[in-house]
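The next block is run.tsv, given as TSV, C-alpha atoms.
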chain	number	residue	atom	x	y	z
S	1	MET	CA	58.87	58.83	115.04
S	2	PRO	CA	60.97	61.32	116.95
S	3	THR	CA	59.35	64.62	117.75
S	4	VAL	CA	61.63	67.56	117.33
S	5	THR	CA	61.41	71.30	117.63
S	6	LEU	CA	62.28	73.52	114.73
S	7	THR	CA	62.93	77.25	114.91
S	8	ARG	CA	62.48	79.64	112.02
S	9	LYS	CA	63.15	83.37	111.94
S	10	ALA	CA	60.86	86.05	110.54
S	11	GLN	CA	61.82	89.71	110.40
S	12	PHE	CA	59.82	92.86	110.02
S	13	SER	CA	60.42	96.57	110.42
S	14	ALA	CA	57.62	98.54	111.98
S	15	ALA	CA	56.78	101.77	113.74
S	16	HIS	CA	54.92	102.09	117.02
S	17	PHE	CA	54.35	104.33	119.98
S	18	TYR	CA	53.01	103.86	123.50
S	19	ASP	CA	50.02	105.92	124.45
S	20	ARG	CA	46.95	105.77	126.65
S	21	PRO	CA	44.36	108.09	125.10
S	22	GLU	CA	42.68	108.82	128.41
S	23	LEU	CA	45.90	110.30	129.82
S	24	SER	CA	47.35	113.72	129.19
S	25	ASP	CA	50.49	114.22	127.15
S	26	ALA	CA	52.45	114.81	130.34
S	27	GLU	CA	51.08	111.64	131.94
S	28	ASN	CA	51.91	109.57	128.88
S	29	GLN	CA	55.42	110.99	128.81
S	30	GLN	CA	55.90	110.13	132.47
S	31	LEU	CA	54.62	106.60	131.96
S	32	PHE	CA	56.25	105.78	128.64
S	33	TYR	CA	59.19	108.20	128.38
S	34	ALA	CA	60.48	108.57	124.81
S	35	CYS	CA	58.14	105.80	123.62
S	36	SER	CA	55.20	108.18	124.04
S	37	ASN	CA	56.12	110.23	120.94
S	38	ARG	CA	52.94	109.96	118.88
S	39	HIS	CA	54.84	110.39	115.64
S	40	GLY	CA	56.20	106.94	116.40
S	41	HIS	CA	59.60	105.35	116.34
S	42	GLY	CA	60.66	102.06	114.81
S	43	HIS	CA	62.42	98.78	115.25
S	44	ASN	CA	63.77	95.97	113.17
S	45	TYR	CA	61.95	93.14	114.88
S	46	THR	CA	63.06	89.51	114.74
S	47	ALA	CA	60.58	86.77	115.59
S	48	TRP	CA	61.98	83.34	116.42
S	49	VAL	CA	59.14	80.86	115.97
S	50	THR	CA	59.70	77.42	117.51
S	51	VAL	CA	57.35	74.66	116.44
S	52	GLN	CA	57.17	71.02	117.35
S	53	GLY	CA	56.11	68.07	115.33
S	54	PRO	CA	56.95	64.49	114.37
S	55	VAL	CA	59.65	63.89	111.81
S	56	ASP	CA	58.22	62.30	108.66
S	57	PRO	CA	60.47	59.31	107.99
S	58	ALA	CA	59.88	59.69	104.24
S	59	THR	CA	61.27	63.24	104.13
S	60	GLY	CA	63.25	63.64	107.33
S	61	MET	CA	61.31	66.81	107.99
S	62	ALA	CA	58.86	67.85	110.68
S	63	VAL	CA	57.50	70.33	108.17
S	64	ASN	CA	58.31	71.45	104.68
S	65	LEU	CA	60.17	74.68	105.33
S	66	LYS	CA	58.52	76.27	102.32
S	67	ASP	CA	55.13	75.79	104.00
S	68	LEU	CA	56.40	77.11	107.33
S	69	LYS	CA	57.94	80.12	105.62
S	70	THR	CA	54.62	80.80	103.87
S	71	VAL	CA	52.79	80.82	107.21
S	72	LEU	CA	55.31	83.18	108.77
S	73	ASN	CA	55.11	85.50	105.78
S	74	ASP	CA	51.31	85.47	105.79
S	75	VAL	CA	50.92	85.94	109.57
S	76	ILE	CA	53.91	88.05	110.52
S	77	VAL	CA	55.81	89.67	107.69
S	78	THR	CA	53.15	90.73	105.21
S	79	PRO	CA	50.77	92.22	107.80
S	80	LEU	CA	53.39	93.95	109.94
S	81	ASP	CA	56.41	94.77	107.81
S	82	HIS	CA	56.84	98.46	107.05
S	83	LYS	CA	53.64	99.27	108.91
S	84	ASN	CA	52.69	101.51	111.77
S	85	LEU	CA	51.39	99.04	114.34
S	86	ASN	CA	49.20	101.58	116.16
S	87	HIS	CA	47.47	102.85	113.03
S	88	GLU	CA	47.36	99.84	110.73
S	89	ILE	CA	46.86	96.73	112.88
S	90	ALA	CA	43.31	96.39	114.24
S	91	PHE	CA	44.44	94.60	117.42
S	92	PHE	CA	46.61	97.54	118.40
S	93	LYS	CA	43.90	100.16	118.05
S	94	ASN	CA	43.27	99.66	121.77
S	95	GLN	CA	46.23	97.56	122.90
S	96	ILE	CA	49.65	99.10	123.40
S	97	PRO	CA	52.11	97.53	120.92
S	98	THR	CA	54.78	96.70	123.46
S	99	VAL	CA	57.08	93.81	122.60
S	100	GLU	CA	55.17	91.77	125.16
S	101	ASN	CA	51.78	92.46	123.58
S	102	ILE	CA	53.04	91.89	120.04
S	103	THR	CA	54.40	88.51	121.19
S	104	GLY	CA	51.05	87.52	122.67
S	105	TYR	CA	49.22	88.74	119.58
S	106	LEU	CA	51.42	86.82	117.15
S	107	TRP	CA	51.18	83.68	119.30
S	108	ASP	CA	47.39	83.73	118.94
S	109	GLU	CA	47.54	84.53	115.22
S	110	LEU	CA	49.91	81.63	114.54
S	111	GLN	CA	47.87	78.92	116.26
S	112	ALA	CA	45.46	77.97	113.48
S	113	PRO	CA	47.85	78.20	110.48
S	114	LEU	CA	50.51	76.15	112.24
S	115	GLY	CA	47.90	73.64	113.38
S	116	GLU	CA	46.94	73.10	109.76
S	117	LEU	CA	50.52	72.04	109.11
S	118	GLY	CA	50.35	69.54	111.97
S	119	LEU	CA	52.63	71.65	114.13
S	120	VAL	CA	52.41	72.87	117.71
S	121	LEU	CA	53.81	76.28	118.54
S	122	VAL	CA	55.98	75.83	121.63
S	123	ARG	CA	57.92	79.08	121.86
S	124	LEU	CA	57.77	82.52	120.37
S	125	LYS	CA	60.64	84.93	120.96
S	126	LEU	CA	60.33	88.48	119.68
S	127	VAL	CA	63.44	90.62	119.66
S	128	GLU	CA	62.83	94.36	119.59
S	129	ASN	CA	66.49	95.31	119.76
S	130	GLU	CA	69.70	93.63	120.88
S	131	ASP	CA	68.98	94.60	124.47
S	132	LEU	CA	65.30	93.65	124.72
S	133	TYR	CA	63.19	90.65	123.82
S	134	ALA	CA	60.02	88.92	124.98
S	135	GLU	CA	59.16	85.23	124.98
S	136	TYR	CA	55.99	83.22	125.35
S	137	LEU	CA	55.87	79.49	125.89
S	138	GLY	CA	52.12	79.04	126.04
S	139	GLU	CA	51.81	79.19	129.82
S	140	ALA	CA	48.88	80.69	131.63
S	141	ALA	CA	49.67	83.31	134.24
P	1	MET	CA	45.40	78.56	125.29
P	2	SER	CA	42.67	81.01	124.33
P	3	SER	CA	43.49	84.60	123.55
P	4	ALA	CA	41.37	85.62	126.53
P	5	THR	CA	43.53	83.79	129.10
P	6	ALA	CA	46.23	85.93	130.70
P	7	LYS	CA	49.57	84.90	129.29
P	8	LYS	CA	52.68	84.36	131.41
P	9	LEU	CA	55.29	86.27	129.41
P	10	TYR	CA	59.03	86.52	129.80
P	11	LEU	CA	60.85	89.80	129.20
P	12	THR	CA	64.63	89.86	128.88
P	13	ARG	CA	66.85	92.87	129.17
P	14	ARG	CA	70.52	92.70	128.12
P	15	TYR	CA	73.44	94.61	129.56
P	16	ASP	CA	77.19	94.82	129.03
P	17	PHE	CA	79.99	95.17	131.52
P	18	SER	CA	83.74	94.67	131.41
P	19	ALA	CA	85.64	93.17	134.30
P	20	SER	CA	88.78	91.34	135.23
P	21	HIS	CA	89.08	88.23	137.37
P	22	ARG	CA	91.29	85.37	138.38
P	23	LEU	CA	90.05	81.84	138.98
P	24	TYR	CA	91.83	80.15	141.84
P	25	ASN	CA	91.14	78.59	145.21
P	26	PRO	CA	93.29	80.12	147.96
P	27	THR	CA	93.32	76.81	149.82
P	28	PHE	CA	94.90	75.01	146.86
P	29	SER	CA	98.62	74.84	146.23
P	30	ASP	CA	99.99	76.76	143.28
P	31	ASP	CA	100.41	73.54	141.35
P	32	LYS	CA	96.86	72.49	142.01
P	33	ASN	CA	95.48	75.89	140.99
P	34	TRP	CA	97.36	75.73	137.70
P	35	ALA	CA	96.18	72.18	137.13
P	36	VAL	CA	92.54	72.94	137.87
P	37	PHE	CA	92.14	76.44	136.48
P	38	ARG	CA	94.94	76.50	133.91
P	39	GLN	CA	95.45	79.90	132.29
P	40	CYS	CA	92.47	81.31	134.22
P	41	ASN	CA	94.73	81.11	137.29
P	42	ASN	CA	97.10	83.78	135.97
P	43	PRO	CA	97.90	85.74	139.16
P	44	ASN	CA	97.82	88.99	137.18
P	45	GLY	CA	94.23	88.31	136.18
P	46	HIS	CA	92.57	88.52	132.81
P	47	GLY	CA	89.33	90.08	131.61
P	48	HIS	CA	86.14	89.70	129.66
P	49	ASN	CA	83.44	91.78	128.06
P	50	TYR	CA	80.58	90.15	129.90
P	51	GLU	CA	76.96	90.16	128.79
P	52	LEU	CA	74.21	89.97	131.36
P	53	GLU	CA	70.65	88.97	130.51
P	54	VAL	CA	68.01	89.53	133.17
P	55	THR	CA	64.75	87.70	132.42
P	56	VAL	CA	61.62	88.45	134.40
P	57	SER	CA	58.21	86.83	134.18
P	58	GLY	CA	54.74	88.25	134.56
P	59	VAL	CA	51.68	89.36	132.69
P	60	SER	CA	51.27	92.30	130.37
P	61	GLN	CA	49.96	95.06	132.65
P	62	GLU	CA	46.72	96.57	131.43
P	63	MET	CA	47.84	100.16	131.90
P	64	THR	CA	51.21	99.89	130.18
P	65	GLY	CA	51.22	96.73	128.09
P	66	MET	CA	54.49	95.82	129.80
P	67	VAL	CA	55.50	92.96	132.04
P	68	VAL	CA	57.89	95.21	133.93
P	69	ASP	CA	58.83	98.88	134.09
P	70	ILE	CA	62.04	98.69	132.08
P	71	VAL	CA	63.40	101.97	133.40
P	72	ALA	CA	62.97	100.78	136.98
P	73	LEU	CA	64.52	97.41	136.11
P	74	ASP	CA	67.48	99.12	134.45
P	75	GLU	CA	68.00	101.23	137.55
P	76	ALA	CA	67.98	98.20	139.84
P	77	VAL	CA	70.45	96.35	137.64
P	78	LYS	CA	72.64	99.43	137.32
P	79	THR	CA	72.84	100.19	141.03
P	80	ARG	CA	73.01	96.61	142.34
P	81	VAL	CA	75.19	94.98	139.67
P	82	LEU	CA	76.64	97.10	136.88
P	83	ASP	CA	77.95	100.02	138.92
P	84	LEU	CA	79.58	97.52	141.28
P	85	CYS	CA	81.12	95.27	138.63
P	86	ASP	CA	81.80	97.27	135.49
P	87	HIS	CA	85.49	98.03	135.01
P	88	LYS	CA	86.21	96.30	138.29
P	89	ASN	CA	88.25	93.34	139.44
P	90	LEU	CA	85.69	90.75	140.47
P	91	ASN	CA	88.06	89.14	142.98
P	92	LEU	CA	89.10	92.34	144.71
P	93	ASP	CA	86.55	95.11	144.18
P	94	VAL	CA	83.07	93.60	144.54
P	95	PRO	CA	81.85	93.20	148.14
P	96	PHE	CA	78.96	90.85	147.27
P	97	MET	CA	81.41	88.53	145.50
P	98	ALA	CA	83.97	88.41	148.29
P	99	ASP	CA	85.23	84.95	149.20
P	100	MET	CA	83.87	83.36	146.04
P	101	ILE	CA	85.64	82.15	142.94
P	102	PRO	CA	84.28	84.40	140.18
P	103	THR	CA	83.54	81.71	137.64
P	104	VAL	CA	80.72	82.53	135.24
P	105	GLU	CA	78.57	80.07	137.20
P	106	ASN	CA	79.16	81.81	140.51
P	107	ILE	CA	78.69	85.20	138.91
P	108	ALA	CA	75.24	84.16	137.69
P	109	VAL	CA	74.26	83.00	141.17
P	110	ALA	CA	75.66	86.12	142.82
P	111	PHE	CA	73.79	88.38	140.42
P	112	TRP	CA	70.57	86.45	141.07
P	113	ARG	CA	70.94	87.04	144.79
P	114	GLN	CA	71.62	90.74	144.20
P	115	LEU	CA	68.50	91.18	142.09
P	116	VAL	CA	65.85	88.67	143.12
P	117	ASP	CA	64.30	90.91	145.79
P	118	HIS	CA	64.68	94.09	143.75
P	119	ILE	CA	62.71	93.36	140.61
P	120	PRO	CA	59.93	95.92	140.09
P	121	LEU	CA	56.66	94.31	141.09
P	122	PRO	CA	54.58	92.54	140.02
P	123	ALA	CA	57.22	90.95	137.77
P	124	ARG	CA	59.40	88.19	139.19
P	125	LEU	CA	62.97	87.27	138.40
P	126	HIS	CA	63.01	84.16	136.22
P	127	ARG	CA	66.56	83.75	134.91
P	128	ILE	CA	69.99	85.30	135.07
P	129	ARG	CA	72.27	84.55	132.12
P	130	VAL	CA	75.89	85.63	132.11
P	131	VAL	CA	77.93	85.32	128.94
P	132	GLU	CA	81.66	85.26	129.50
P	133	THR	CA	82.82	84.60	125.96
P	134	ARG	CA	81.08	83.51	122.78
P	135	ASN	CA	81.91	79.97	123.82
P	136	ASN	CA	80.55	79.88	127.37
P	137	ALA	CA	77.64	81.22	129.33
P	138	ALA	CA	75.88	80.30	132.54
P	139	GLU	CA	72.20	80.48	133.44
P	140	TYR	CA	70.59	80.40	136.86
P	141	PHE	CA	66.89	80.02	137.56
P	142	GLY	CA	66.93	80.43	141.31
P	143	GLU	CA	67.16	78.15	144.33
P	144	GLY	CA	65.63	74.75	143.75
P	145	ALA	CA	64.26	75.72	140.34
P	146	SER	CA	64.26	73.46	137.31
P	147	SER	CA	64.65	75.09	133.92

Just give me the structure as structure tokens.
Amino acid sequence: MPTVTLTRKAQFSAAHFYDRPELSDAENQQLFYACSNRHGHGHNYTAWVTVQGPVDPATGMAVNLKDLKTVLNDVIVTPLDHKNLNHEIAFFKNQIPTVENITGYLWDELQAPLGELGLVLVRLKLVENEDLYAEYLGEAA
Amino acid sequence: MSSATAKKLYLTRRYDFSASHRLYNPTFSDDKNWAVFRQCNNPNGHGHNYELEVTVSGVSQEMTGMVVDIVALDEAVKTRVLDLCDHKNLNLDVPFMADMIPTVENIAVAFWRQLVDHIPLPARLHRIRVVETRNNAAEYFGEGASS
């Protein structure tokens, strides 16, 4: 059976800000510029989730897209869409919700649900805006 | 990969610049230049709205949550590439591209060489991607690298 990769998109709109509570307002502003505004700002994020798995000869599919879409909704969209990442996502109570950290967080959250579908996550690309995106391919630093 | 293991992340920043160029080899005859480069050999030049993607690799820094200081990266790209190429003629106006045919491939390599030693530490330059039109783009991963 050929093994192919399949990429599915998930989108969510969320607010965030960058802040280190041990620093002063001035220090946070110097470190994070406009992103330090504690009232938050927002993005329309796009997550491109690339999974890998064998193609079932009976269906021609590596995964039923309905099942993949359910996982992405349950892990990405429902928890994050129209939320304030700093205030409403436990992981980001003490981790700065940069596009890099959100990518790493979602990678970890997706492992088990995708594994249950017989899929391996091989690439996660998170686009914050048209000029900035992060990617993780599962490599250790 | 456990959540506790430091992750090697890639962060890409995208930029725009507009430039003109002509593709030709000065050692070729006119006929050969037209045959090889076709309309790209137009002696009056032509232009593109280029897109540049600069991808760096590294870990999320504990203090900032970022792989790289984006403001510092933007400044390096601005001073070493964009200011030198935007609204310029790549054949005539760009010192670091002198004596090279400014194909999208060569542009990607030239931009790599301009930036590789100027990426804010501890991030490292991973990939330069230059988009010439919606139908063609070049990527470069550095000397001797495999994608």

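Among S:Ala10, S:Leu31, S:Leu72, S:Val77, the residue with the shortest atom-to-atom distance to chain P, counting all atoms listed in the file, is S:Leu31.
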
Any idea what's packed within 7 Å of range 126-140 of chain S, counting all atoms listed in the file, ignoring anything in its chain fewer than 4 positions away? Could you give it as JSON, numbers by chain?
{"S": [43, 44, 45, 46, 47, 48, 99, 100, 103, 122], "P": [1, 5, 6, 7, 8, 9, 10, 11, 12, 13, 14, 15]}

For Lys78 in chain P: contacts at 12 Å, all atoms listed in the file, fewer than 2 positions along chain excluded, given as number ranges by chain:
P: 13-17, 52, 54, 70-76, 80-86, 111, 114-115, 118

Deliver the residues from the most recent selection as a file, using C-alpha atoms, as a PDB file, keeping the file's coordinate frame.
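Output contents, as saved in out_7.pdb:
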ATOM      1  CA  ARG P  13      66.850  92.870 129.170  1.00  0.00           C
ATOM      2  CA  ARG P  14      70.520  92.700 128.120  1.00  0.00           C
ATOM      3  CA  TYR P  15      73.440  94.610 129.560  1.00  0.00           C
ATOM      4  CA  ASP P  16      77.190  94.820 129.030  1.00  0.00           C
ATOM      5  CA  PHE P  17      79.990  95.170 131.520  1.00  0.00           C
ATOM      6  CA  LEU P  52      74.210  89.970 131.360  1.00  0.00           C
ATOM      7  CA  VAL P  54      68.010  89.530 133.170  1.00  0.00           C
ATOM      8  CA  ILE P  70      62.040  98.690 132.080  1.00  0.00           C
ATOM      9  CA  VAL P  71      63.400 101.970 133.400  1.00  0.00           C
ATOM     10  CA  ALA P  72      62.970 100.780 136.980  1.00  0.00           C
ATOM     11  CA  LEU P  73      64.520  97.410 136.110  1.00  0.00           C
ATOM     12  CA  ASP P  74      67.480  99.120 134.450  1.00  0.00           C
ATOM     13  CA  GLU P  75      68.000 101.230 137.550  1.00  0.00           C
ATOM     14  CA  ALA P  76      67.980  98.200 139.840  1.00  0.00           C
ATOM     15  CA  ARG P  80      73.010  96.610 142.340  1.00  0.00           C
ATOM     16  CA  VAL P  81      75.190  94.980 139.670  1.00  0.00           C
ATOM     17  CA  LEU P  82      76.640  97.100 136.880  1.00  0.00           C
ATOM     18  CA  ASP P  83      77.950 100.020 138.920  1.00  0.00           C
ATOM     19  CA  LEU P  84      79.580  97.520 141.280  1.00  0.00           C
ATOM     20  CA  CYS P  85      81.120  95.270 138.630  1.00  0.00           C
ATOM     21  CA  ASP P  86      81.800  97.270 135.490  1.00  0.00           C
ATOM     22  CA  PHE P 111      73.790  88.380 140.420  1.00  0.00           C
ATOM     23  CA  GLN P 114      71.620  90.740 144.200  1.00  0.00           C
ATOM     24  CA  LEU P 115      68.500  91.180 142.090  1.00  0.00           C
ATOM     25  CA  HIS P 118      64.680  94.090 143.750  1.00  0.00           C
TER      26      HIS P 118
END

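In this structure, CA of Arg20 in chain S sits 7.9 Å away from CA of Ile96 in chain S.
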
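Excluding range 19-35 of chain P itself and same-chain residues fewer than 3 positions from it, the residues having an atom within 6 Å of it are Arg38, Cys40, Asn41, Gly45, His46, Gly47, His48, Asp86, His87, Lys88, Asn89, Leu90, Asn91 and Ile101 of chain P, counting all atoms listed in the file.
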
For C-alpha atoms, I'd like the residues from the last selection saved as a CSV table (one decimal), in the frame of the given file.
chain,number,residue,atom,x,y,z
P,38,ARG,CA,94.9,76.5,133.9
P,40,CYS,CA,92.5,81.3,134.2
P,41,ASN,CA,94.7,81.1,137.3
P,45,GLY,CA,94.2,88.3,136.2
P,46,HIS,CA,92.6,88.5,132.8
P,47,GLY,CA,89.3,90.1,131.6
P,48,HIS,CA,86.1,89.7,129.7
P,86,ASP,CA,81.8,97.3,135.5
P,87,HIS,CA,85.5,98.0,135.0
P,88,LYS,CA,86.2,96.3,138.3
P,89,ASN,CA,88.2,93.3,139.4
P,90,LEU,CA,85.7,90.8,140.5
P,91,ASN,CA,88.1,89.1,143.0
P,101,ILE,CA,85.6,82.2,142.9

At the level of all heavy atoms, write range 117-128 of chain P to a file as a CSV table (one decimal), in the first residue's frame, please.
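Saved result, out_29.csv, follows:
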chain,number,residue,atom,x,y,z
P,117,ASP,N,25.0,35.1,7.5
P,117,ASP,CA,25.8,35.5,8.7
P,117,ASP,C,25.2,36.7,9.5
P,117,ASP,O,25.9,37.3,10.3
P,117,ASP,CB,27.3,35.9,8.3
P,117,ASP,CG,28.0,34.7,7.7
P,117,ASP,OD1,27.8,33.5,8.2
P,117,ASP,OD2,28.8,34.8,6.7
P,118,HIS,N,24.0,37.0,9.2
P,118,HIS,CA,23.4,38.2,9.8
P,118,HIS,C,22.0,37.9,10.4
P,118,HIS,O,21.2,38.8,10.6
P,118,HIS,CB,23.3,39.3,8.8
P,118,HIS,CG,24.6,39.8,8.2
P,118,HIS,ND1,25.4,40.8,8.9
P,118,HIS,CD2,25.3,39.4,7.2
P,118,HIS,CE1,26.5,40.9,8.2
P,118,HIS,NE2,26.5,40.1,7.2
P,119,ILE,N,21.8,36.6,10.6
P,119,ILE,CA,20.5,36.2,11.3
P,119,ILE,C,20.7,36.4,12.8
P,119,ILE,O,21.7,35.9,13.3
P,119,ILE,CB,20.2,34.8,11.0
P,119,ILE,CG1,20.1,34.6,9.4
P,119,ILE,CG2,18.9,34.3,11.7
P,119,ILE,CD1,19.0,35.4,8.8
P,120,PRO,N,19.8,37.1,13.5
P,120,PRO,CA,19.9,37.2,14.9
P,120,PRO,C,20.0,35.9,15.6
P,120,PRO,O,19.2,35.0,15.4
P,120,PRO,CB,18.6,38.0,15.3
P,120,PRO,CG,18.1,38.6,14.0
P,120,PRO,CD,18.5,37.7,12.9
P,121,LEU,N,21.1,35.8,16.4
P,121,LEU,CA,21.3,34.5,17.1
P,121,LEU,C,20.3,34.4,18.2
P,121,LEU,O,19.7,35.4,18.7
P,121,LEU,CB,22.8,34.6,17.7
P,121,LEU,CG,23.9,34.6,16.7
P,121,LEU,CD1,25.2,34.8,17.4
P,121,LEU,CD2,23.9,33.3,15.9
P,122,PRO,N,20.0,33.2,18.7
P,122,PRO,CA,20.7,31.9,18.2
P,122,PRO,C,20.0,31.2,17.0
P,122,PRO,O,20.4,30.1,16.7
P,122,PRO,CB,20.5,31.1,19.5
P,122,PRO,CG,19.2,31.5,20.1
P,122,PRO,CD,19.1,33.0,19.8
P,123,ALA,N,19.1,31.9,16.4
P,123,ALA,CA,18.5,31.3,15.2
P,123,ALA,C,19.5,31.2,14.1
P,123,ALA,O,20.5,31.9,14.0
P,123,ALA,CB,17.3,32.2,14.7
P,124,ARG,N,19.2,30.2,13.2
P,124,ARG,CA,20.0,30.0,12.0
P,124,ARG,C,19.2,30.1,10.7
P,124,ARG,O,18.0,29.7,10.7
P,124,ARG,CB,20.7,28.6,12.1
P,124,ARG,CG,21.6,28.5,13.3
P,124,ARG,CD,22.3,27.2,13.3
P,124,ARG,NE,23.2,27.1,12.1
P,124,ARG,CZ,24.0,26.0,11.8
P,124,ARG,NH1,24.0,25.0,12.6
P,124,ARG,NH2,24.8,26.0,10.8
P,125,LEU,N,19.8,30.5,9.7
P,125,LEU,CA,19.1,30.6,8.4
P,125,LEU,C,18.9,29.2,7.9
P,125,LEU,O,19.8,28.4,7.8
P,125,LEU,CB,19.9,31.4,7.4
P,125,LEU,CG,19.2,31.7,6.1
P,125,LEU,CD1,17.9,32.4,6.2
P,125,LEU,CD2,20.2,32.5,5.1
P,126,HIS,N,17.7,28.9,7.5
P,126,HIS,CA,17.3,27.5,7.1
P,126,HIS,C,17.0,27.5,5.6
P,126,HIS,O,17.4,26.6,4.8
P,126,HIS,CB,16.1,27.0,7.8
P,126,HIS,CG,15.6,25.7,7.3
P,126,HIS,ND1,16.3,24.5,7.4
P,126,HIS,CD2,14.5,25.4,6.6
P,126,HIS,CE1,15.6,23.5,6.8
P,126,HIS,NE2,14.5,24.0,6.3
P,127,ARG,N,16.3,28.5,5.1
P,127,ARG,CA,15.8,28.5,3.7
P,127,ARG,C,15.6,29.9,3.2
P,127,ARG,O,15.1,30.7,4.0
P,127,ARG,CB,14.5,27.6,3.6
P,127,ARG,CG,14.0,27.5,2.2
P,127,ARG,CD,12.6,27.0,2.2
P,127,ARG,NE,11.6,28.0,2.6
P,127,ARG,CZ,10.3,28.0,2.4
P,127,ARG,NH1,9.8,27.0,1.8
P,127,ARG,NH2,9.5,28.9,2.9
P,128,ILE,N,15.9,30.1,2.0
P,128,ILE,CA,15.5,31.4,1.3
P,128,ILE,C,14.6,30.9,0.1
P,128,ILE,O,15.0,30.0,-0.6
P,128,ILE,CB,16.7,32.1,0.7
P,128,ILE,CG1,17.6,32.7,1.8
P,128,ILE,CG2,16.2,33.2,-0.3
P,128,ILE,CD1,16.9,33.9,2.6
